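The data block below is query.cif; it holds mmCIF, C-alpha atoms.
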```cif
data_work
loop_
_atom_site.label_atom_id
_atom_site.label_comp_id
_atom_site.auth_asym_id
_atom_site.auth_seq_id
_atom_site.Cartn_x
_atom_site.Cartn_y
_atom_site.Cartn_z
CA MET A 930 2.27 -49.10 66.81
CA LEU A 931 -1.37 -48.85 67.76
CA VAL A 932 -2.07 -52.46 66.90
CA PRO A 933 -3.73 -54.54 69.62
CA TYR A 934 -1.41 -57.10 71.14
CA PHE A 935 -3.33 -60.07 69.72
CA ALA A 936 -3.43 -58.71 66.16
CA ALA A 937 -1.04 -60.94 64.28
CA GLU A 938 -0.85 -64.09 66.34
CA ASP A 939 -4.44 -65.14 65.68
CA THR A 940 -4.28 -65.84 61.94
CA ALA A 941 -3.72 -69.49 61.17
CA PRO A 942 -0.48 -70.27 59.30
CA LEU A 943 -0.73 -71.04 55.59
CA ALA A 944 0.18 -74.71 55.98
CA ALA A 945 -1.85 -77.05 58.16
CA GLU A 946 -0.02 -77.99 61.35
CA LYS A 947 1.08 -81.48 62.17
CA LEU A 948 -0.57 -83.16 65.14
CA LEU A 949 1.12 -86.57 65.09
CA ASN A 950 2.86 -88.98 62.76
CA VAL A 951 1.06 -92.02 61.40
CA GLY A 952 3.98 -94.02 60.12
CA PRO A 953 5.74 -91.82 57.54
CA ILE A 954 2.62 -89.68 56.96
CA PRO A 955 2.07 -86.57 59.10
CA PHE A 956 -1.48 -86.27 60.42
CA THR A 957 -2.55 -82.62 60.36
CA ASN A 958 -5.32 -80.77 62.15
CA SER A 959 -7.22 -80.17 58.89
CA MET A 960 -7.23 -83.92 58.23
CA LEU A 961 -8.70 -84.53 61.68
CA PHE A 962 -11.48 -82.01 61.19
CA GLY A 963 -12.06 -83.24 57.63
CA ILE A 964 -12.72 -86.74 58.94
CA LEU A 965 -15.08 -85.31 61.57
CA THR A 966 -16.89 -83.30 58.87
CA ALA A 967 -17.25 -86.34 56.62
CA GLY A 968 -18.57 -88.35 59.56
CA PHE A 969 -21.13 -85.66 60.35
CA VAL A 970 -22.37 -85.55 56.73
CA LEU A 971 -22.55 -89.36 56.58
CA ILE A 972 -24.53 -89.61 59.81
CA LEU A 973 -26.90 -86.82 58.74
CA PHE A 974 -27.67 -88.42 55.38
CA GLY A 975 -27.76 -91.91 56.88
CA LEU A 976 -30.40 -90.83 59.39
CA ALA A 977 -32.39 -89.18 56.62
CA ALA A 978 -32.15 -92.26 54.40
CA ARG A 979 -33.28 -94.58 57.22
CA THR A 980 -36.45 -92.60 57.92
CA SER A 981 -37.19 -91.84 54.27
CA GLN A 982 -40.62 -93.04 53.14
CA ALA A 983 -43.00 -92.35 50.29
CA TRP A 984 -44.92 -90.15 52.73
CA PRO A 985 -42.14 -88.80 54.96
CA LYS A 986 -43.08 -88.64 58.62
CA SER A 987 -39.67 -87.43 59.72
CA ARG A 988 -38.92 -83.74 59.41
CA LEU A 989 -35.20 -84.30 58.73
CA ALA A 990 -35.92 -86.71 55.89
CA PHE A 991 -38.37 -84.24 54.38
CA TYR A 992 -35.86 -81.37 54.40
CA ILE A 993 -33.02 -83.46 53.04
CA GLU A 994 -35.23 -84.89 50.30
CA SER A 995 -36.44 -81.50 49.17
CA PHE A 996 -32.85 -80.22 49.17
CA ILE A 997 -31.73 -83.19 47.05
CA ASP A 998 -34.65 -82.63 44.68
CA LEU A 999 -33.66 -78.98 44.30
CA VAL A 1000 -30.04 -79.87 43.45
CA PHE A 1001 -31.17 -82.63 41.10
CA GLY A 1002 -33.36 -80.15 39.23
CA LEU A 1003 -30.34 -77.91 38.74
CA MET A 1004 -28.21 -80.80 37.52
CA ALA A 1005 -30.88 -82.10 35.15
CA GLU A 1006 -31.08 -78.62 33.69
CA SER A 1007 -27.34 -78.31 33.12
CA PHE A 1008 -26.97 -81.85 31.71
CA GLY A 1009 -30.14 -81.48 29.64
CA ASP A 1010 -30.94 -85.15 30.27
CA ARG A 1011 -32.35 -86.64 33.48
CA LYS A 1012 -30.78 -90.07 32.97
CA LYS A 1013 -27.30 -88.67 32.44
CA ALA A 1014 -27.72 -86.34 35.41
CA ALA A 1015 -28.80 -89.25 37.64
CA ARG A 1016 -25.63 -91.10 36.67
CA PHE A 1017 -23.28 -88.38 37.91
CA PHE A 1018 -25.55 -87.04 40.65
CA PRO A 1019 -24.08 -88.93 43.66
CA LEU A 1020 -20.60 -87.52 43.02
CA LEU A 1021 -21.83 -83.97 42.48
CA LEU A 1022 -24.16 -83.93 45.47
CA SER A 1023 -21.54 -85.31 47.84
CA LEU A 1024 -19.00 -82.76 46.59
CA PHE A 1025 -21.50 -79.96 47.21
CA VAL A 1026 -22.62 -81.06 50.66
CA PHE A 1027 -19.17 -81.94 51.91
CA ILE A 1028 -17.60 -78.68 50.72
CA LEU A 1029 -20.48 -76.66 52.15
CA VAL A 1030 -20.26 -78.29 55.56
CA ALA A 1031 -16.47 -78.04 55.58
CA ASN A 1032 -16.63 -74.34 54.68
CA LEU A 1033 -19.20 -73.55 57.34
CA SER A 1034 -17.37 -75.60 59.96
CA GLY A 1035 -14.59 -73.01 60.00
CA LEU A 1036 -17.00 -70.50 61.53
CA LEU A 1037 -17.85 -72.67 64.53
CA PRO A 1038 -16.55 -71.45 67.89
CA GLY A 1039 -13.51 -73.37 69.06
CA VAL A 1040 -12.14 -74.13 65.60
CA GLY A 1041 -8.62 -72.74 65.62
CA SER A 1042 -8.84 -71.39 69.17
CA ILE A 1043 -8.61 -74.76 70.93
CA THR A 1044 -4.92 -75.53 71.05
CA LEU A 1045 -2.83 -78.38 72.28
CA ASN A 1046 0.83 -79.08 72.74
CA ALA A 1047 2.05 -81.25 69.86
CA GLY A 1048 5.75 -81.98 69.69
CA GLY A 1049 6.79 -79.04 71.85
CA GLU A 1050 4.87 -76.28 70.04
CA GLU A 1051 1.35 -75.03 70.42
CA THR A 1052 -0.90 -76.05 67.53
CA SER A 1053 -4.63 -75.64 67.05
CA LEU A 1054 -6.53 -78.90 67.29
CA LEU A 1055 -9.14 -78.20 64.60
CA ARG A 1056 -8.91 -76.45 61.26
CA ALA A 1057 -11.61 -76.25 58.57
CA PHE A 1058 -10.90 -78.81 55.86
CA THR A 1059 -11.09 -76.40 52.94
CA THR A 1060 -8.63 -73.90 54.43
CA ASP A 1061 -5.85 -76.33 53.56
CA LEU A 1062 -4.54 -76.27 49.98
CA ASN A 1063 -3.72 -80.00 50.12
CA SER A 1064 -7.34 -80.95 50.64
CA THR A 1065 -8.81 -78.67 47.96
CA LEU A 1066 -6.14 -79.89 45.53
CA ALA A 1067 -7.05 -83.48 46.40
CA MET A 1068 -10.73 -82.79 45.70
CA ALA A 1069 -9.89 -81.06 42.40
CA VAL A 1070 -7.67 -83.98 41.35
CA LEU A 1071 -10.45 -86.43 42.22
CA SER A 1072 -13.15 -84.62 40.27
CA LEU A 1073 -10.95 -83.98 37.22
CA ALA A 1074 -9.71 -87.59 37.21
CA ILE A 1075 -13.32 -88.76 37.18
CA VAL A 1076 -14.06 -86.37 34.31
CA HIS A 1077 -11.18 -87.82 32.27
CA ILE A 1078 -12.04 -91.44 33.10
CA TYR A 1079 -15.65 -90.98 32.03
CA ALA A 1080 -14.60 -89.12 28.89
CA LEU A 1081 -12.20 -91.93 27.94
CA ARG A 1082 -14.90 -94.51 28.55
CA GLU A 1083 -17.48 -92.58 26.56
CA LEU A 1084 -15.41 -91.44 23.60
CA GLY A 1085 -12.44 -93.85 23.52
CA LEU A 1086 -8.80 -92.91 23.10
CA VAL A 1087 -9.14 -91.62 19.53
CA GLY A 1088 -12.25 -89.65 20.33
CA ARG A 1089 -10.54 -88.09 23.34
CA PHE A 1090 -7.56 -87.17 21.16
CA ARG A 1091 -9.82 -85.66 18.52
CA HIS A 1092 -11.56 -83.68 21.28
CA TYR A 1093 -8.39 -81.64 21.66
CA PHE A 1094 -6.82 -81.89 18.19
CA SER A 1095 -9.84 -81.52 15.95
CA GLY A 1096 -9.98 -80.83 12.24
CA ASN A 1097 -7.18 -81.40 9.75
CA LEU A 1098 -3.96 -82.20 11.65
CA LEU A 1099 -1.71 -81.06 8.78
CA ASN A 1100 -2.78 -77.54 9.59
CA PRO A 1101 -0.42 -76.20 12.31
CA VAL A 1102 -3.16 -73.93 13.69
CA ASN A 1103 -5.20 -76.96 14.79
CA ILE A 1104 -2.16 -78.41 16.57
CA MET A 1105 -1.56 -75.13 18.38
CA ILE A 1106 -5.21 -75.01 19.42
CA GLY A 1107 -4.86 -78.55 20.78
CA ILE A 1108 -1.78 -77.63 22.82
CA ASN A 1109 -3.65 -74.62 24.13
CA GLU A 1110 -6.54 -76.85 25.20
CA LEU A 1111 -4.15 -79.16 27.01
CA PHE A 1112 -2.73 -76.20 28.95
CA GLY A 1113 -6.30 -75.30 29.79
CA GLU A 1114 -6.75 -78.74 31.37
CA VAL A 1115 -3.81 -78.12 33.70
CA LEU A 1116 -5.09 -74.64 34.45
CA ARG A 1117 -8.48 -76.07 35.44
CA LEU A 1118 -6.78 -78.05 38.18
CA VAL A 1119 -5.02 -74.97 39.51
CA THR A 1120 -8.03 -72.66 39.42
CA LEU A 1121 -10.47 -75.23 40.84
CA SER A 1122 -8.31 -75.88 43.89
CA LEU A 1123 -6.88 -72.42 44.44
CA ARG A 1124 -10.25 -70.65 44.15
CA LEU A 1125 -11.87 -72.65 46.92
CA PHE A 1126 -8.81 -72.46 49.16
CA GLY A 1127 -8.24 -68.74 48.53
CA VAL A 1128 -11.79 -67.66 49.23
CA ILE A 1129 -12.22 -69.67 52.42
CA TYR A 1130 -8.76 -69.05 53.85
CA GLY A 1131 -8.83 -65.38 52.86
CA GLY A 1132 -12.23 -65.02 54.52
CA GLU A 1133 -10.99 -66.46 57.78
CA ALA A 1134 -7.92 -64.23 57.73
CA LEU A 1135 -10.23 -61.28 57.03
CA LEU A 1136 -12.37 -62.25 60.02
CA HIS A 1137 -9.31 -62.32 62.26
CA ALA A 1138 -8.04 -58.98 60.93
CA ILE A 1139 -11.42 -57.26 61.38
CA SER A 1140 -11.88 -58.54 64.91
CA ALA A 1141 -8.35 -57.45 65.77
CA LEU A 1142 -8.96 -53.97 64.33
CA ALA A 1143 -12.27 -53.54 66.18
CA GLY A 1144 -10.73 -54.33 69.57
CA ASN A 1145 -13.49 -54.40 72.20
CA PHE A 1146 -16.25 -54.23 69.59
CA ALA A 1147 -15.12 -57.33 67.72
CA TRP A 1148 -18.48 -59.03 68.33
CA ALA A 1149 -20.28 -56.28 66.40
CA ALA A 1150 -17.71 -55.77 63.67
CA ALA A 1151 -17.28 -59.45 62.90
CA LEU A 1152 -21.00 -60.13 62.46
CA PRO A 1153 -21.40 -58.75 58.89
CA ILE A 1154 -18.19 -60.52 57.87
CA MET A 1155 -19.69 -63.74 59.25
CA PHE A 1156 -22.72 -63.33 56.98
CA LEU A 1157 -20.39 -62.60 54.05
CA GLU A 1158 -18.52 -65.80 54.90
CA ILE A 1159 -21.72 -67.87 54.96
CA PHE A 1160 -22.67 -66.45 51.56
CA PHE A 1161 -19.21 -67.19 50.11
CA SER A 1162 -19.27 -70.71 51.53
CA LEU A 1163 -22.52 -71.39 49.71
CA VAL A 1164 -21.33 -69.80 46.47
CA GLN A 1165 -18.01 -71.63 46.45
CA ALA A 1166 -19.55 -75.03 47.18
CA TYR A 1167 -22.13 -74.43 44.45
CA LEU A 1168 -19.41 -73.26 42.07
CA PHE A 1169 -17.25 -76.34 42.65
CA MET A 1170 -20.21 -78.60 41.91
CA MET A 1171 -21.33 -76.62 38.86
CA LEU A 1172 -17.82 -76.45 37.37
CA THR A 1173 -17.38 -80.20 37.80
CA ALA A 1174 -20.77 -80.74 36.15
CA THR A 1175 -19.83 -78.42 33.28
CA TYR A 1176 -16.52 -80.21 32.72
CA LEU A 1177 -18.38 -83.53 32.73
CA VAL A 1178 -20.93 -82.24 30.21
CA THR A 1179 -18.30 -80.93 27.81
CA ALA A 1180 -16.03 -83.98 28.14
CA VAL A 1181 -18.68 -86.68 27.85
CA SER A 1182 -20.77 -85.22 25.02
CA HIS A 1183 -20.17 -86.48 21.48
CA GLU A 1184 -19.23 -83.59 19.28
CA GLY A 1185 -19.34 -85.36 15.91
CA ASP A 1186 -22.93 -86.55 16.08
CA SER A 1187 -24.17 -83.86 18.42
CA LYS A 1188 -27.90 -84.13 18.92
CA SER A 1189 -28.25 -80.66 20.40
CA PRO A 1190 -25.76 -78.32 18.75
CA ALA A 1191 -27.29 -75.31 20.47
CA SER A 1192 -26.30 -76.48 23.96
CA GLN A 1193 -22.66 -76.99 23.06
CA PRO A 1194 -21.31 -73.40 23.07
CA ALA A 1195 -23.25 -72.47 26.19
CA ALA A 1196 -21.76 -75.34 28.19
CA GLY A 1197 -18.21 -74.76 26.95
CA SER A 1198 -18.04 -71.08 27.81
CA ALA A 1199 -17.94 -71.44 31.61
CA MET B 1310 15.57 -46.71 48.96
CA GLU B 1311 13.50 -47.95 51.86
CA ILE B 1312 9.82 -48.63 51.15
CA ASP B 1313 7.34 -48.99 53.97
CA PRO B 1314 5.80 -52.52 53.77
CA SER B 1315 2.41 -51.17 54.81
CA LEU B 1316 2.44 -48.95 51.69
CA ILE B 1317 2.90 -52.05 49.56
CA LYS B 1318 0.10 -53.82 51.42
CA GLY B 1319 -2.21 -50.87 50.85
CA LEU B 1320 -1.32 -50.78 47.17
CA THR B 1321 -1.93 -54.53 46.90
CA ILE B 1322 -5.49 -54.36 48.18
CA GLY B 1323 -6.17 -51.02 46.48
CA LEU B 1324 -5.02 -52.04 43.01
CA GLY B 1325 -6.16 -55.64 43.38
CA ALA B 1326 -9.71 -54.65 44.25
CA ILE B 1327 -10.18 -52.57 41.08
CA GLY B 1328 -10.60 -55.51 38.74
CA PRO B 1329 -13.12 -57.54 40.78
CA ALA B 1330 -15.06 -54.34 41.57
CA ILE B 1331 -15.45 -53.52 37.88
CA GLY B 1332 -16.28 -57.16 37.14
CA ILE B 1333 -19.03 -57.40 39.75
CA GLY B 1334 -20.39 -54.06 38.61
CA LEU B 1335 -20.63 -55.34 35.03
CA ILE B 1336 -22.33 -58.55 36.21
CA GLY B 1337 -24.81 -56.56 38.28
CA ALA B 1338 -25.64 -54.25 35.37
CA ALA B 1339 -26.13 -57.21 33.05
CA VAL B 1340 -28.36 -59.00 35.58
CA VAL B 1341 -30.55 -55.96 36.11
CA GLY B 1342 -30.90 -55.54 32.36
CA ALA B 1343 -31.68 -59.21 31.80
CA VAL B 1344 -34.26 -59.39 34.58
CA GLY B 1345 -35.86 -56.22 33.26
CA ARG B 1346 -36.20 -57.77 29.80
CA ASN B 1347 -37.62 -61.12 30.87
CA PRO B 1348 -38.61 -61.22 34.56
CA GLU B 1349 -40.15 -64.71 34.29
CA ILE B 1350 -36.72 -66.44 34.28
CA GLN B 1351 -35.32 -64.37 37.15
CA GLY B 1352 -34.28 -67.46 39.12
CA LYS B 1353 -32.20 -68.87 36.28
CA ILE B 1354 -30.51 -65.53 35.65
CA LEU B 1355 -29.68 -65.07 39.33
CA ALA B 1356 -28.19 -68.59 39.55
CA THR B 1357 -25.87 -67.86 36.62
CA ALA B 1358 -25.05 -64.46 38.09
CA PHE B 1359 -23.97 -66.02 41.39
CA ILE B 1360 -21.67 -68.41 39.53
CA MET B 1361 -20.10 -65.48 37.72
CA ILE B 1362 -19.77 -63.50 40.96
CA GLY B 1363 -18.02 -66.50 42.50
CA LEU B 1364 -15.59 -66.67 39.59
CA VAL B 1365 -14.80 -62.96 39.78
CA ASP B 1366 -14.58 -62.99 43.54
CA ALA B 1367 -11.77 -65.54 43.45
CA VAL B 1368 -9.45 -62.79 42.16
CA LEU B 1369 -10.16 -60.68 45.23
CA ALA B 1370 -9.63 -63.78 47.38
CA PHE B 1371 -6.16 -64.23 45.90
CA VAL B 1372 -5.36 -60.60 46.70
CA LEU B 1373 -6.54 -61.07 50.29
CA LEU B 1374 -4.49 -64.25 50.50
CA ILE B 1375 -1.32 -62.45 49.42
CA LEU B 1376 -2.13 -59.55 51.75
CA PHE B 1377 -2.59 -61.65 54.86
CA THR B 1378 0.09 -64.25 54.33
CA THR B 1379 3.04 -61.95 53.56
CA GLY B 1380 4.62 -60.48 56.65
#
```

Give the structure from the file, written as structure tokens.
Amino acid sequence: MLVPYFAAEDTAPLAAEKLLNVGPIPFTNSMLFGILTAGFVLILFGLAARTSQAWPKSRLAFYIESFIDLVFGLMAESFGDRKKAARFFPLLLSLFVFILVANLSGLLPGVGSITLNAGGEETSLLRAFTTDLNSTLAMAVLSLAIVHIYALRELGLVGRFRHYFSGNLLNPVNIMIGINELFGEVLRLVTLSLRLFGVIYGGEALLHAISALAGNFAWAAALPIMFLEIFFSLVQAYLFMMLTATYLVTAVSHEGDSKSPASQPAAGSA
Amino acid sequence: MEIDPSLIKGLTIGLGAIGPAIGIGLIGAAVVGAVGRNPEIQGKILATAFIMIGLVDAVLAFVLLILFTTG
């Protein structure tokens, strides 16, 4: 075989590796790097918030504020109501920023290549948070749980039930449509988590494969893939935020006394 | 009958890339048409187009995932 000797060993295994045990819970390398990522985002935004003024003197505060304003404009557009958008904005913005930083952190040098000896086998110390299916599933569960809680609070139990099983319930077609919608809810969970995980993990595996194929010219061959990865990180973080926003819009809106019937089909189609 | 695993890998990426390729092509054609009709809302159209590209791209990501994780 003409495969370079380091071809297969580089790709990270599908499951995150265990570093140590905290009681009965294994502490994995993706959890470690996830905590570091969250700390970085918190410190960045904390610094920006401390120096934020009506006339910002600090450059960091200015950039962060204009970024937040940009995202808020997007959200206000998709909610169609600035007050409603401001209510859900903290969740959506933190999802976006955290996922973006976690995606990009996988491209840093040293992530995956720094190893240590944990329990007799060599494991990498750091692993990007979103290349672990557990973490993306946790984020998807969190955002969908919030969607359901807000929908229950806004519409009540009966309204939530009628959201799925609408129309005359003696008609079996309406019941079948309701069951179909319920399956769709489960499918949302699967697609939301698996899409983010698949794109980021697949991209990193692609990066390893390309650099292994290029041999001595890995630095040149991996560069375009790096740019592709940066683009995908942005798109996936944006997509996660927008899908959560769309689910919130469709779940929270009142269908019976809809004030803007034109916006309803456009929001439900994505 | 013995089948070479690399043949199956090649078929996986080859057949799996057809769908996303067609999908992104359709999105691109629709975006060019839409921007040509009303260029003043180009930003809005491009934002929606990137969402759609992200949705379609996930299929290719699953193919890559299967390709790289099976031995």

Inset, instruction - Counting only C-alpha atoms, figure out which residue out of B:Asn1347, B:Ser1315, B:Thr1378, B:Thr1357 gets nearest to chain A. - result: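 Between B:Asn1347, B:Ser1315, B:Thr1378, B:Thr1357, the residue approaching chain A most closely is B:Thr1378.
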
Inset, instruction - Tell me the residues of chain A close to chain B, meaning within 8 Å using only C-alpha atoms, as a ChimeraX atom specification. - result: /A:942-943,1124-1125,1127-1128,1130-1132,1134-1135,1161,1164-1165,1167-1168

Inset, instruction - Starting from the shown file, work through the PyMOL selection byres ((chain A and resi 1003) around 12) and note down what comes out as number ranges by chain. - result: A: 996-1002, 1004-1011, 1014-1015, 1018, 1021-1022, 1167, 1170-1171, 1174-1175; B: 1352-1353, 1356-1357

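What separates atom CA of A:Glu1050 from atom CA of A:Pro953 is a distance of 20.0 Å.
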
Legend entry - Expansion of the PyMOL selection byres ((chain A and resi 1091-1095) around 9) into residues, as a PyMOL selection string: chain A and resi 1084+1086-1090+1096-1098+1103-1111+1180+1184

Inset, instruction - Evaluate the PyMOL selection byres ((chain A and resi 1176) around 9) and record the selected residues as a VMD selection string, following the chain and residue labels used in the document. - result: chain A and resid 1073 1076 1171 to 1175 1177 to 1181 1196 to 1197 1199

For stretch 1362-1365 of chain B, take all atoms listed in the file, fit an axis-aligned box around them, add 4 Å to each of the six sides, then output centre and edge lengths in Å rounded to one decimal, as JSON.
```
{"center_x": -17.3, "center_y": -64.8, "center_z": 41.0, "size_x": 13.0, "size_y": 11.7, "size_z": 10.9}
```

Inset, instruction - Go through B:Thr1321, B:Glu1349, B:Met1310, B:Leu1355 one by one, measure the shortest atom-to-atom distance of each to B:Gly1337 using all atoms listed in the file, and give the residue with the smallest value. - result: B:Leu1355

Legend entry - Å distance separating atom CA of A:Val1030 from atom CA of A:Gly975, one decimal place: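 Result for atom CA of A:Val1030 versus atom CA of A:Gly975: 15.6 Å, one decimal.
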
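Counting all atoms listed in the file, the residue from A:Ser995, A:Asn950, A:Thr1065, A:Asn1145 that sits nearest to A:Ser981 is A:Ser995.
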
Legend entry - Between atom CA of A:Ser1122 and atom CA of B:Ile1327 - distance in Å to one decimal: 23.6 Å

For the structure just given, write the atoms of stretch 1323-1373 of chain B, namely C-alpha atoms, as a compact mmCIF listing (two decimals), in the first residue's frame.
```txt
# COMPACT_ATOMS: atom_id res chain seq x y z
CA GLY B 1323 -19.53 8.86 -5.34
CA LEU B 1324 -23.21 8.05 -4.96
CA GLY B 1325 -23.63 10.07 -1.79
CA ALA B 1326 -22.29 13.24 -3.36
CA ILE B 1327 -24.83 13.19 -6.22
CA GLY B 1328 -27.77 14.37 -4.14
CA PRO B 1329 -26.08 17.31 -2.36
CA ALA B 1330 -24.42 18.36 -5.63
CA ILE B 1331 -27.77 18.56 -7.41
CA GLY B 1332 -29.29 20.31 -4.39
CA ILE B 1333 -26.62 23.00 -4.19
CA GLY B 1334 -26.82 23.47 -7.94
CA LEU B 1335 -30.58 24.07 -7.69
CA ILE B 1336 -30.08 26.52 -4.81
CA GLY B 1337 -27.42 28.38 -6.76
CA ALA B 1338 -29.62 28.63 -9.85
CA ALA B 1339 -32.54 29.88 -7.78
CA VAL B 1340 -30.35 32.47 -6.01
CA VAL B 1341 -28.95 33.81 -9.27
CA GLY B 1342 -32.46 34.07 -10.69
CA ALA B 1343 -33.82 35.77 -7.57
CA VAL B 1344 -30.98 38.28 -7.35
CA GLY B 1345 -31.39 39.03 -11.04
CA ARG B 1346 -35.08 39.80 -10.53
CA ASN B 1347 -34.74 42.01 -7.47
CA PRO B 1348 -31.12 42.96 -6.71
CA GLU B 1349 -32.10 45.34 -3.88
CA ILE B 1350 -32.77 42.47 -1.42
CA GLN B 1351 -29.60 40.56 -2.30
CA GLY B 1352 -28.51 40.32 1.34
CA LYS B 1353 -31.75 38.70 2.46
CA ILE B 1354 -31.69 36.21 -0.41
CA LEU B 1355 -28.08 35.26 0.28
CA ALA B 1356 -28.80 34.72 4.00
CA THR B 1357 -31.64 32.32 3.15
CA ALA B 1358 -29.47 30.64 0.54
CA PHE B 1359 -26.72 29.96 3.08
CA ILE B 1360 -29.26 28.36 5.42
CA MET B 1361 -30.43 26.11 2.61
CA ILE B 1362 -26.84 25.26 1.65
CA GLY B 1363 -26.20 24.32 5.27
CA LEU B 1364 -29.24 22.05 5.30
CA VAL B 1365 -28.23 20.33 2.06
CA ASP B 1366 -24.60 20.08 3.09
CA ALA B 1367 -25.51 18.02 6.13
CA VAL B 1368 -26.28 15.09 3.81
CA LEU B 1369 -22.74 15.20 2.43
CA ALA B 1370 -21.44 15.46 5.99
CA PHE B 1371 -23.24 12.23 6.89
CA VAL B 1372 -21.65 10.53 3.88
CA LEU B 1373 -18.20 11.75 4.93
```
